[in-house]
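Please read the structure below before turning to the comments.
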Amino acid sequence: SPLTVMAFQPYVLVTNPKVPARDVKQFIALLKDKPGTYNFGSTGTGSGSHLAAELFKYMTHTTPQHITYKGMGPAVIDTLSGQVQFLFGSVLSCVPHIRSGKLNPLGVSGEKRSASLPELPTIAEAGVPGYSTVSWSGMLVPARTPSAIVDRLSADLNNVLARPDVRERFMHDAAEPGGGKPEEFAQFIRDEIAKWRKVITAANIHID
């Protein structure tokens, strides 16, 4: 039984500076002009960063190749070195390299801009209308938990998430505090399942 979403964390689409594209539209044109030429890293097959890229491929009809890594750190390192050309990375991992000019940011993956990178447009703003994905965490309790307990726990969580010190801590970690009613979280989960079933099927992703 869902209680509430705790936090949302967008990804940031970054490229190695040698990639000759400075915005999302230029990047899509480049991928279409040279199909199969560019590679992207991820934190593992079926991971959030992988699926963010597959959604991008699905919506832009492009064919970059997937290279899987064991974690965000190695994926970022190989994007910095040019072993892979781009990455949907965590904001927290990429911001220092964006600030130093070692990674070129093209857009953030969420529905709205990131407070950590307010000058950077969303990918939807920058050329892929309707594109949106974030890493999220939420709290649930065992099925058939009495509704009165579900409502009480959800209300308590929402009160905590509304506290300024809690919100500040989330924002410090490049996360947006969540919140909302149990039924809203339940609908969000259903929408996520339907969305990613379509992408995973189209990308033919299998996890052993």
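Letters A, B, ... mark the chains of the structure tokens in the order given; residue numbers begin at 1 per chain; ligand numbers begin at 1, in order shown.
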
Which residues of stretch 9-109 of chain A have any atom within 9 Å of an atom in stretch 185-205 of chain A when counting only C-alpha atoms, and what is the closest pair of atoms for each, with the distance in Å to one decimal? Order the rows by chain and rising number and write it as JSON lines.
{"residue": "A:Thr45", "atom": "CA", "partner": "A:Ile205", "partner_atom": "CA", "distance": 7.6}
{"residue": "A:Gly46", "atom": "CA", "partner": "A:Ile205", "partner_atom": "CA", "distance": 7.1}
{"residue": "A:Leu51", "atom": "CA", "partner": "A:Val199", "partner_atom": "CA", "distance": 7.7}
{"residue": "A:Glu54", "atom": "CA", "partner": "A:Ala203", "partner_atom": "CA", "distance": 6.8}
{"residue": "A:Leu55", "atom": "CA", "partner": "A:Val199", "partner_atom": "CA", "distance": 6.2}
{"residue": "A:Lys57", "atom": "CA", "partner": "A:Ala203", "partner_atom": "CA", "distance": 8.9}
{"residue": "A:Tyr58", "atom": "CA", "partner": "A:Val199", "partner_atom": "CA", "distance": 7.0}

Save the residues we just selected, N, CA, C and O atoms, as a tab-separated table (two decimals), in the first residue's frame?
chain	number	residue	atom	x	y	z
A	45	THR	N	22.26	-2.19	-16.87
A	45	THR	CA	21.11	-2.52	-17.70
A	45	THR	C	19.83	-2.45	-16.87
A	45	THR	O	19.72	-3.08	-15.82
A	46	GLY	N	18.87	-1.67	-17.34
A	46	GLY	CA	17.61	-1.52	-16.64
A	46	GLY	C	17.63	-0.48	-15.53
A	46	GLY	O	16.62	-0.25	-14.88
A	51	LEU	N	17.36	3.69	-18.58
A	51	LEU	CA	16.01	3.90	-19.09
A	51	LEU	C	15.77	5.33	-19.54
A	51	LEU	O	15.03	5.58	-20.49
A	54	GLU	N	17.07	5.36	-22.96
A	54	GLU	CA	16.21	4.60	-23.87
A	54	GLU	C	14.92	5.37	-24.17
A	54	GLU	O	14.42	5.32	-25.30
A	55	LEU	N	14.40	6.09	-23.19
A	55	LEU	CA	13.23	6.94	-23.45
A	55	LEU	C	13.59	8.04	-24.44
A	55	LEU	O	12.81	8.36	-25.35
A	57	LYS	N	15.96	7.87	-26.75
A	57	LYS	CA	16.06	7.20	-28.04
A	57	LYS	C	14.68	6.96	-28.64
A	57	LYS	O	14.44	7.21	-29.83
A	58	TYR	N	13.77	6.45	-27.82
A	58	TYR	CA	12.42	6.09	-28.26
A	58	TYR	C	11.68	7.32	-28.80
A	58	TYR	O	11.01	7.25	-29.84

Can you pull out every residue within 12 Å of A:Ile28, counting only C-alpha atoms, but drop anything in the same chain fewer than 3 positions away, and send it as a ChimeraX atom specification? /A:19-25,31-35,38,56-64,106,123,126-128

Need the shell around A:Gly178: protein/DNA/RNA residues with any atom at most 8 Å away, counting only C-alpha atoms. Skip same-chain ones fewer than 3 positions apart. Format as a PyMOL selection string? chain A and resi 4-8+161

Report as a PyMOL selection string all protein, DNA and RNA residues lying within 8 Å of A:Thr133, evaluated on only C-alpha atoms, omitting residues in the same chain fewer than 3 positions from it. chain A and resi 10-11+52+109-111

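Of the residues in stretch 2-68 of chain A, those that DSSP places in strand (DSSP E or B) on the basis of the backbone are A:Pro2, A:Leu3, A:Thr4, A:Val5, A:Met6, A:Ala7, A:Phe8, A:Gln9, A:Pro10, A:Tyr11, A:Val12, A:Leu13, A:Val14, A:Thr15, A:Asn39, A:Phe40, A:Gly41, A:Ser42, A:Gln65, A:His66, A:Ile67, A:Thr68.
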
Selected residue of minimal separation from A:Ile77 among A:Thr37, A:Ser47, A:Ser100, A:Ser93, counting only C-alpha atoms: A:Ser93
